[in-house]
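**Q** This is the content of target_3.txt (compact mmCIF, C-alpha atoms and all ligand atoms):
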# COMPACT_ATOMS: atom_id res chain seq x y z
CA MET A 21 26.17 18.33 -16.16
CA THR A 22 24.83 19.44 -12.78
CA ALA A 23 23.72 16.85 -10.27
CA GLY A 24 19.98 16.55 -9.62
CA PRO A 25 18.35 17.29 -6.26
CA LEU A 26 19.03 15.08 -3.24
CA LEU A 27 15.77 13.31 -2.33
CA ALA A 28 14.78 11.49 0.85
CA ALA A 29 12.33 8.56 0.94
CA VAL A 30 10.82 6.96 4.02
CA GLU A 31 8.55 3.95 4.08
CA ALA A 32 7.03 3.94 7.56
CA GLY A 33 5.73 0.51 8.50
CA GLY A 34 4.37 -1.03 11.65
CA THR A 35 7.31 -3.44 11.88
CA LYS A 36 10.05 -1.58 9.96
CA PHE A 37 11.00 1.82 8.59
CA LEU A 38 12.95 1.91 5.31
CA CYS A 39 14.91 5.10 4.62
CA ALA A 40 16.78 6.03 1.45
CA LEU A 41 18.72 8.96 0.02
CA VAL A 42 18.60 9.19 -3.76
CA ARG A 43 20.10 11.47 -6.37
CA ASP A 44 19.54 11.11 -10.13
CA THR A 45 17.76 7.76 -9.53
CA VAL A 46 20.89 6.41 -7.81
CA THR A 47 20.41 5.22 -4.22
CA ILE A 48 23.25 6.77 -2.20
CA ALA A 49 22.35 5.25 1.15
CA ARG A 50 19.62 3.07 2.54
CA MET A 51 18.71 1.76 5.99
CA ARG A 52 16.16 -0.53 7.64
CA ILE A 53 15.04 0.44 11.13
CA VAL A 54 12.97 -1.83 13.36
CA THR A 55 9.88 0.14 14.40
CA ALA A 56 9.98 0.83 18.15
CA ASP A 57 8.18 3.64 20.00
CA PRO A 58 7.92 6.90 18.03
CA ASP A 59 10.78 8.73 19.81
CA ALA A 60 13.28 5.89 19.41
CA THR A 61 12.23 5.26 15.81
CA PHE A 62 12.51 8.90 14.71
CA ALA A 63 15.85 9.20 16.54
CA ALA A 64 17.16 6.40 14.31
CA VAL A 65 15.66 8.06 11.21
CA ALA A 66 17.32 11.35 12.20
CA ALA A 67 20.68 9.61 12.70
CA PHE A 68 20.45 8.12 9.20
CA PHE A 69 19.67 11.42 7.50
CA ALA A 70 22.27 13.30 9.60
CA ASP A 71 24.92 11.63 7.44
CA ARG A 72 23.50 13.12 4.24
CA LEU A 73 25.77 14.55 1.61
CA GLY A 74 24.34 18.05 1.22
CA PRO A 75 20.93 19.67 1.65
CA ILE A 76 17.85 17.56 0.93
CA ALA A 77 15.50 19.09 -1.65
CA ALA A 78 12.35 17.17 -0.74
CA ALA A 79 11.17 14.07 1.09
CA GLY A 80 8.37 11.58 0.55
CA VAL A 81 6.81 9.49 3.30
CA ALA A 82 4.76 6.37 2.53
CA SER A 83 3.18 5.30 5.79
CA PHE A 84 1.03 2.72 7.48
CA GLY A 85 -2.26 4.20 8.53
CA PRO A 86 -4.76 5.41 9.01
CA ILE A 87 -3.35 8.88 8.30
CA ASP A 88 -5.12 12.23 8.01
CA LEU A 89 -4.55 13.15 4.35
CA ASP A 90 -6.84 16.19 4.23
CA PRO A 91 -4.57 19.23 3.67
CA ALA A 92 -7.29 21.45 5.16
CA SER A 93 -7.44 19.44 8.40
CA PRO A 94 -5.48 20.55 11.52
CA GLY A 95 -4.34 16.93 11.83
CA TYR A 96 -2.94 16.74 8.28
CA GLY A 97 -0.04 14.31 8.09
CA ARG A 98 -0.79 12.68 11.45
CA LEU A 99 -1.61 9.06 12.16
CA THR A 100 -5.15 8.77 13.51
CA THR A 101 -6.54 5.67 15.25
CA THR A 102 -3.83 3.14 14.53
CA PRO A 103 -3.94 -0.03 16.65
CA LYS A 104 -0.13 0.21 16.97
CA PRO A 105 0.47 1.16 20.62
CA GLY A 106 1.93 4.65 21.12
CA TRP A 107 1.53 5.71 17.48
CA SER A 108 -1.99 7.19 17.39
CA GLY A 109 -1.80 10.95 16.74
CA VAL A 110 1.92 10.91 15.84
CA ASP A 111 2.78 13.82 13.52
CA LEU A 112 4.64 11.96 10.75
CA LEU A 113 4.78 14.94 8.44
CA GLY A 114 6.08 17.31 11.12
CA ARG A 115 8.63 14.87 12.48
CA VAL A 116 10.13 14.07 9.08
CA ARG A 117 10.08 17.74 8.04
CA ALA A 118 12.04 18.63 11.19
CA ILE A 119 14.59 15.92 10.40
CA VAL A 120 15.19 16.68 6.71
CA GLY A 121 14.62 20.47 6.78
CA ALA A 122 12.77 20.35 3.45
CA PRO A 123 9.23 20.06 2.07
CA VAL A 124 7.65 16.68 2.76
CA ALA A 125 4.85 14.85 0.94
CA VAL A 126 3.01 12.14 2.84
CA ASP A 127 0.62 9.44 1.67
CA THR A 128 -0.38 5.93 2.60
CA ASP A 129 2.09 3.14 1.91
CA VAL A 130 -0.44 1.53 -0.43
CA ASN A 131 -1.19 4.71 -2.39
CA ALA A 132 2.56 5.26 -2.80
CA ALA A 133 3.02 1.62 -3.82
CA ALA A 134 0.20 2.00 -6.35
CA VAL A 135 1.99 4.97 -7.92
CA ALA A 136 5.29 3.06 -8.06
CA GLU A 137 3.68 -0.05 -9.57
CA ALA A 138 1.80 2.04 -12.14
CA ARG A 139 5.09 3.68 -13.16
CA ALA A 140 6.90 0.32 -13.30
CA GLY A 141 4.11 -1.34 -15.26
CA GLY A 142 3.52 1.51 -17.70
CA ILE A 143 -0.09 1.99 -16.51
CA ASP A 144 -1.21 5.56 -17.19
CA GLY A 145 -4.82 5.01 -16.15
CA ARG A 146 -6.01 3.66 -12.83
CA LEU A 147 -4.22 0.97 -10.83
CA ALA A 148 -5.22 -0.55 -7.49
CA TYR A 149 -2.55 -1.88 -5.16
CA VAL A 150 -3.62 -4.34 -2.48
CA THR A 151 -1.35 -5.51 0.32
CA VAL A 152 -2.24 -8.60 2.32
CA GLY A 153 -0.06 -9.07 5.38
CA THR A 154 -0.66 -8.27 9.04
CA GLY A 155 -3.51 -6.14 7.70
CA ILE A 156 -5.12 -5.54 4.32
CA GLY A 157 -4.69 -2.18 2.60
CA VAL A 158 -5.83 -0.77 -0.72
CA GLY A 159 -4.23 2.13 -2.58
CA VAL A 160 -5.18 3.66 -5.91
CA ALA A 161 -3.06 5.52 -8.46
CA GLU A 162 -4.41 7.44 -11.41
CA ARG A 163 -2.27 9.01 -14.11
CA GLY A 164 0.86 8.42 -12.07
CA ARG A 165 -0.43 10.11 -8.88
CA PRO A 166 -2.32 8.90 -5.81
CA LEU A 167 -6.04 9.29 -6.41
CA PRO A 168 -6.65 12.72 -4.78
CA GLY A 169 -8.16 12.58 -1.32
CA ALA A 170 -8.53 8.84 -1.55
CA HIS A 171 -7.50 7.28 1.73
CA ALA A 172 -9.40 4.13 0.91
CA GLU A 173 -10.01 1.65 3.71
CA GLY A 174 -10.65 -1.20 1.34
CA GLY A 175 -9.33 -3.71 3.88
CA HIS A 176 -12.33 -3.11 6.11
CA ILE A 177 -15.17 -3.60 3.65
CA ARG A 178 -17.72 -6.37 4.12
CA VAL A 179 -17.42 -9.30 1.74
CA PRO A 180 -19.64 -12.33 1.20
CA ARG A 181 -18.68 -15.30 3.32
CA ALA A 182 -16.77 -18.17 1.77
CA PRO A 183 -18.91 -21.32 1.70
CA ASP A 184 -19.02 -22.96 5.17
CA ASP A 185 -16.71 -20.37 6.74
CA ALA A 186 -17.98 -19.67 10.25
CA PHE A 187 -14.80 -18.00 11.59
CA ALA A 188 -15.74 -15.00 13.74
CA GLY A 189 -12.98 -12.72 12.39
CA THR A 190 -10.19 -10.80 14.11
CA CYS A 191 -10.83 -7.12 13.36
CA PRO A 192 -11.05 -5.23 16.69
CA TRP A 193 -13.62 -2.85 15.16
CA HIS A 194 -15.69 -4.97 12.78
CA GLY A 195 -14.98 -8.61 13.58
CA ASP A 196 -15.59 -10.25 10.21
CA CYS A 197 -14.68 -7.49 7.76
CA LEU A 198 -12.28 -8.47 4.95
CA GLU A 199 -9.18 -7.84 7.10
CA GLY A 200 -10.76 -9.71 10.01
CA LEU A 201 -11.33 -12.74 7.76
CA ALA A 202 -8.33 -12.74 5.43
CA ALA A 203 -5.27 -10.89 6.83
CA GLY A 204 -2.34 -12.89 8.22
CA PRO A 205 -3.57 -12.90 11.86
CA ALA A 206 -6.96 -14.22 10.71
CA LEU A 207 -5.33 -17.11 8.87
CA ALA A 208 -3.16 -17.90 11.89
CA MET A 209 -6.14 -17.91 14.26
CA ARG A 210 -8.46 -19.81 11.92
CA TRP A 211 -5.99 -22.58 11.03
CA GLY A 212 -3.84 -22.64 14.17
CA VAL A 213 -0.51 -22.02 12.39
CA PRO A 214 1.10 -18.90 10.88
CA ALA A 215 0.06 -18.21 7.27
CA GLU A 216 3.58 -18.90 5.99
CA ALA A 217 3.44 -22.40 7.52
CA LEU A 218 0.32 -23.38 5.53
CA ALA A 219 1.22 -25.64 2.59
CA ALA A 220 0.27 -24.41 -0.89
CA ASP A 221 -2.42 -27.14 -1.18
CA HIS A 222 -3.96 -26.44 2.27
CA PRO A 223 -7.73 -25.74 2.16
CA ALA A 224 -6.91 -22.34 3.70
CA TRP A 225 -5.90 -20.97 0.31
CA ALA A 226 -9.25 -21.63 -1.37
CA VAL A 227 -10.93 -19.66 1.43
CA GLU A 228 -8.30 -16.92 1.17
CA ALA A 229 -8.71 -16.73 -2.62
CA HIS A 230 -12.47 -16.31 -2.22
CA TYR A 231 -12.04 -13.26 0.02
CA LEU A 232 -9.37 -11.61 -2.11
CA ALA A 233 -11.40 -12.27 -5.26
CA ALA A 234 -14.42 -10.65 -3.60
CA LEU A 235 -12.27 -7.56 -2.94
CA CYS A 236 -11.01 -7.55 -6.54
CA LEU A 237 -14.59 -7.76 -7.82
CA SER A 238 -15.69 -4.85 -5.61
CA LEU A 239 -12.73 -2.79 -6.85
CA THR A 240 -13.60 -3.70 -10.44
CA TYR A 241 -17.22 -2.65 -10.20
CA LEU A 242 -16.50 0.49 -8.12
CA ILE A 243 -13.43 2.04 -9.73
CA ARG A 244 -12.62 0.07 -12.90
CA PRO A 245 -8.85 -0.20 -12.52
CA GLU A 246 -6.73 -1.27 -15.47
CA ARG A 247 -4.76 -3.52 -13.16
CA ILE A 248 -4.94 -4.86 -9.60
CA VAL A 249 -1.57 -5.61 -7.99
CA LEU A 250 -1.87 -8.10 -5.15
CA GLY A 251 1.17 -7.87 -2.86
CA GLY A 252 2.20 -8.37 0.76
CA GLY A 253 3.52 -11.37 2.66
CA VAL A 254 0.34 -13.46 2.59
CA ALA A 255 -0.23 -12.86 -1.14
CA ALA A 256 3.26 -14.19 -1.86
CA MET A 257 2.07 -17.79 -1.33
CA PRO A 258 2.86 -19.63 -4.61
CA GLY A 259 -0.27 -20.28 -6.64
CA LEU A 260 -2.48 -17.81 -4.77
CA HIS A 261 -2.78 -15.38 -7.68
CA ASP A 262 -4.07 -18.17 -9.94
CA ARG A 263 -6.65 -19.15 -7.34
CA VAL A 264 -7.78 -15.54 -6.92
CA ARG A 265 -8.12 -15.12 -10.71
CA ALA A 266 -10.23 -18.27 -11.00
CA ARG A 267 -12.46 -17.28 -8.09
CA PHE A 268 -12.74 -13.73 -9.46
CA ALA A 269 -14.02 -15.07 -12.79
CA ALA A 270 -16.51 -17.31 -10.98
CA LEU A 271 -17.83 -14.48 -8.77
CA ALA A 272 -18.09 -12.05 -11.70
CA ALA A 273 -20.08 -14.67 -13.63
CA GLY A 274 -19.28 -12.88 -16.87
CA TYR A 275 -21.15 -9.73 -15.91
CA ALA A 276 -19.86 -6.33 -17.07
CA LEU A 277 -16.17 -7.15 -17.39
CA ASP A 278 -14.11 -4.79 -19.53
CA ARG A 279 -11.07 -5.48 -21.69
CA HIS A 280 -8.83 -5.43 -18.60
CA SER A 281 -10.87 -7.40 -16.07
CA ALA A 282 -11.93 -9.97 -18.69
CA ARG A 283 -8.30 -11.14 -18.81
CA PRO A 284 -7.55 -12.02 -15.17
CA ALA A 285 -4.02 -13.31 -15.90
CA ALA A 286 -2.91 -9.77 -16.85
CA TYR A 287 -5.37 -8.03 -14.52
CA ILE A 288 -4.69 -9.54 -11.07
CA VAL A 289 -0.91 -9.68 -10.79
CA PRO A 290 1.92 -9.83 -8.24
CA PRO A 291 4.04 -6.68 -7.65
CA ARG A 292 6.90 -5.90 -10.02
CA LEU A 293 8.88 -4.04 -7.36
CA ALA A 294 10.43 -5.54 -4.24
CA ASP A 295 9.92 -2.31 -2.25
CA ALA A 296 6.98 -0.63 -3.96
CA GLY A 297 6.25 1.53 -0.88
CA LEU A 298 9.78 2.94 -0.72
CA HIS A 299 9.79 3.52 -4.50
CA GLY A 300 6.48 5.32 -4.11
CA ALA A 301 7.87 7.52 -1.31
CA LEU A 302 10.68 8.53 -3.65
CA LEU A 303 8.20 9.41 -6.40
CA LEU A 304 6.32 11.61 -3.89
CA ALA A 305 9.59 13.42 -3.13
CA GLU A 306 10.40 13.70 -6.83
CA ALA A 307 7.03 15.29 -7.57
CA LEU A 308 7.62 17.85 -4.78
CA ALA A 309 11.13 18.72 -5.96
CA ASP A 310 10.06 18.97 -9.58
CA PRO A 311 6.36 19.88 -9.71
CA PRO A 312 4.60 19.60 -13.07
CA SER A 313 4.70 22.92 -14.91
CA PRO A 314 1.37 24.78 -14.94
CA ALA A 315 -0.69 24.60 -18.10
CA PRO A 316 0.17 27.43 -20.52
CA PRO A 317 -2.35 30.27 -20.55
CA PRO A 318 -4.91 30.10 -23.33
CA CYS A 319 -3.98 32.19 -26.39
ZN ZN B 401 -12.29 -4.08 10.10
Can I see the file as structure tokens?
**A**
Amino acid sequence: MTAGPLLAAVEAGGTKFLCALVRDTVTIARMRIVTADPDATFAAVAAFFADRLGPIAAAGVASFGPIDLDPASPGYGRLTTTPKPGWSGVDLLGRVRAIVGAPVAVDTDVNAAAVAEARAGGIDGRLAYVTVGTGIGVGVAERGRPLPGAHAEGGHIRVPRAPDDAFAGTCPWHGDCLEGLAAGPALAMRWGVPAEALAADHPAWAVEAHYLAALCLSLTYLIRPERIVLGGGVAAMPGLHDRVRARFAALAAGYALDRHSARPAAYIVPPRLADAGLHGALLLAEALADPPSPAPPPC
């Protein structure tokens, strides 16, 4: 039996980069790098992959954003207006390609995570992956691939205010968009303590559940996913998924739910994978190394 191709996966995050080398679904090496300035960070990524055991066949990059994902754009594969100092305009695709010397596929961390969660959960239709942490991101997978051209910015939509919530919001662009009202920094500023220090019965979580349920309802009515995976550090608070499900049902008020969304317990769920973004990056690499065969010509 011949060994399969050597694949590289990179999850590029604002606080950490995860790198992995995988062959035949076995992780050969893996490293966590604290995100510094671009030059120092990519030097560490290069040092990790320099130890590889043979030529890399393909790499996948699942990145924080926003990223230019239009293959026809001159800025394809570059970060655009990220608030992370020093990272706007960084050519992720070019930098990783230079390091691994192989074709590279790039997508958002949340699109990649959506693909990985769809694979892990056996969802062949449409799945939305939401991360709630230092920001809020939304990715969508359909039939095991990122929804083409969909660099959704679902974290920055407007949502109805929670009752009696007068908090101004923290988004530097929009103030009280969803991210400005419900990401980790918003919770910390509104309640005066970091999100992880808020007890599970703190009133903060009813407010948080309202905003995340409003997002889930918008996703439901706009794209009809079969499942919404709610992940990220803030969403890991015990009991939050139950609160979001209950609020989702209340906001939907029974209108136009389908067989998936009518059963919130199986519809709005926590992630199955510990590192969905890194798994997704690997699936991007896998698809590049082994592209689907073209449809046979008609007889
Ligand atoms: Zn915003």
**Q** From the options A:Ser108, A:Thr240, A:Thr154, A:Thr190, which residue's atoms come nearest to ligand ZN 401 (chain B), counting only C-alpha atoms and all ligand atoms?
**A**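 Among the listed residues, A:Thr190 lies closest to ligand ZN 401 (chain B).
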**Q** Please return as a count of residues only the residues found within 6 Å of ligand ZN 401 (chain B), counting only C-alpha atoms and all ligand atoms.
**A** 7
**Q** Can you tell me how far CA of Phe84 in chain A sits from CA of Ala309 in chain A, in Å to one decimal?
**A** 23.2 Å
**Q** Given the point (6.1, 16.7, -2.8) in the coordinates of this file, which residues lie within 12 Å, counting only C-alpha atoms, and how would they look as a ChimeraX atom specification?
**A** /A:27-29,77-82,113,117,122-127,132,165-166,300-312
**Q** Generate a file of the selected residues that holds C-alpha atoms, formatted as a compact mmCIF listing (two decimals), keeping the file's coordinate frame.
**A**
# COMPACT_ATOMS: atom_id res chain seq x y z
CA LEU A 27 15.77 13.31 -2.33
CA ALA A 28 14.78 11.49 0.85
CA ALA A 29 12.33 8.56 0.94
CA ALA A 77 15.50 19.09 -1.65
CA ALA A 78 12.35 17.17 -0.74
CA ALA A 79 11.17 14.07 1.09
CA GLY A 80 8.37 11.58 0.55
CA VAL A 81 6.81 9.49 3.30
CA ALA A 82 4.76 6.37 2.53
CA LEU A 113 4.78 14.94 8.44
CA ARG A 117 10.08 17.74 8.04
CA ALA A 122 12.77 20.35 3.45
CA PRO A 123 9.23 20.06 2.07
CA VAL A 124 7.65 16.68 2.76
CA ALA A 125 4.85 14.85 0.94
CA VAL A 126 3.01 12.14 2.84
CA ASP A 127 0.62 9.44 1.67
CA ALA A 132 2.56 5.26 -2.80
CA ARG A 165 -0.43 10.11 -8.88
CA PRO A 166 -2.32 8.90 -5.81
CA GLY A 300 6.48 5.32 -4.11
CA ALA A 301 7.87 7.52 -1.31
CA LEU A 302 10.68 8.53 -3.65
CA LEU A 303 8.20 9.41 -6.40
CA LEU A 304 6.32 11.61 -3.89
CA ALA A 305 9.59 13.42 -3.13
CA GLU A 306 10.40 13.70 -6.83
CA ALA A 307 7.03 15.29 -7.57
CA LEU A 308 7.62 17.85 -4.78
CA ALA A 309 11.13 18.72 -5.96
CA ASP A 310 10.06 18.97 -9.58
CA PRO A 311 6.36 19.88 -9.71
CA PRO A 312 4.60 19.60 -13.07
**Q** Within 12 Å of range 251-265 of chain A, which residues of range 157-201 of chain A show up? Give each one with its shortest atom-to-atom distance in Å (one decimal) and the two atoms involved, counting all atoms listed in the file, rows by chain then rising residue number, as JSON lines.
**A**
{"residue": "A:Gly157", "atom": "CA", "partner": "A:Gly252", "partner_atom": "CA", "distance": 9.4}
{"residue": "A:Val158", "atom": "CA", "partner": "A:Gly251", "partner_atom": "CA", "distance": 10.2}
{"residue": "A:Gly159", "atom": "CA", "partner": "A:Gly251", "partner_atom": "CA", "distance": 11.4}
{"residue": "A:Glu199", "atom": "CA", "partner": "A:Val254", "partner_atom": "CA", "distance": 11.9}
**Q** In Å, rounded to a single decimal, give me how far CA of Trp211 in chain A is from CA of Trp225 in chain A.
**A**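 Separation of CA of Trp225 in chain A and CA of Trp211 in chain A: 10.8 Å.
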**Q** Hey, can you check how far CA of Leu235 in chain A sits from CA of His299 in chain A?
**A**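 So the two atoms, CA of Leu235 in chain A and CA of His299 in chain A, lie 24.7 Å apart.
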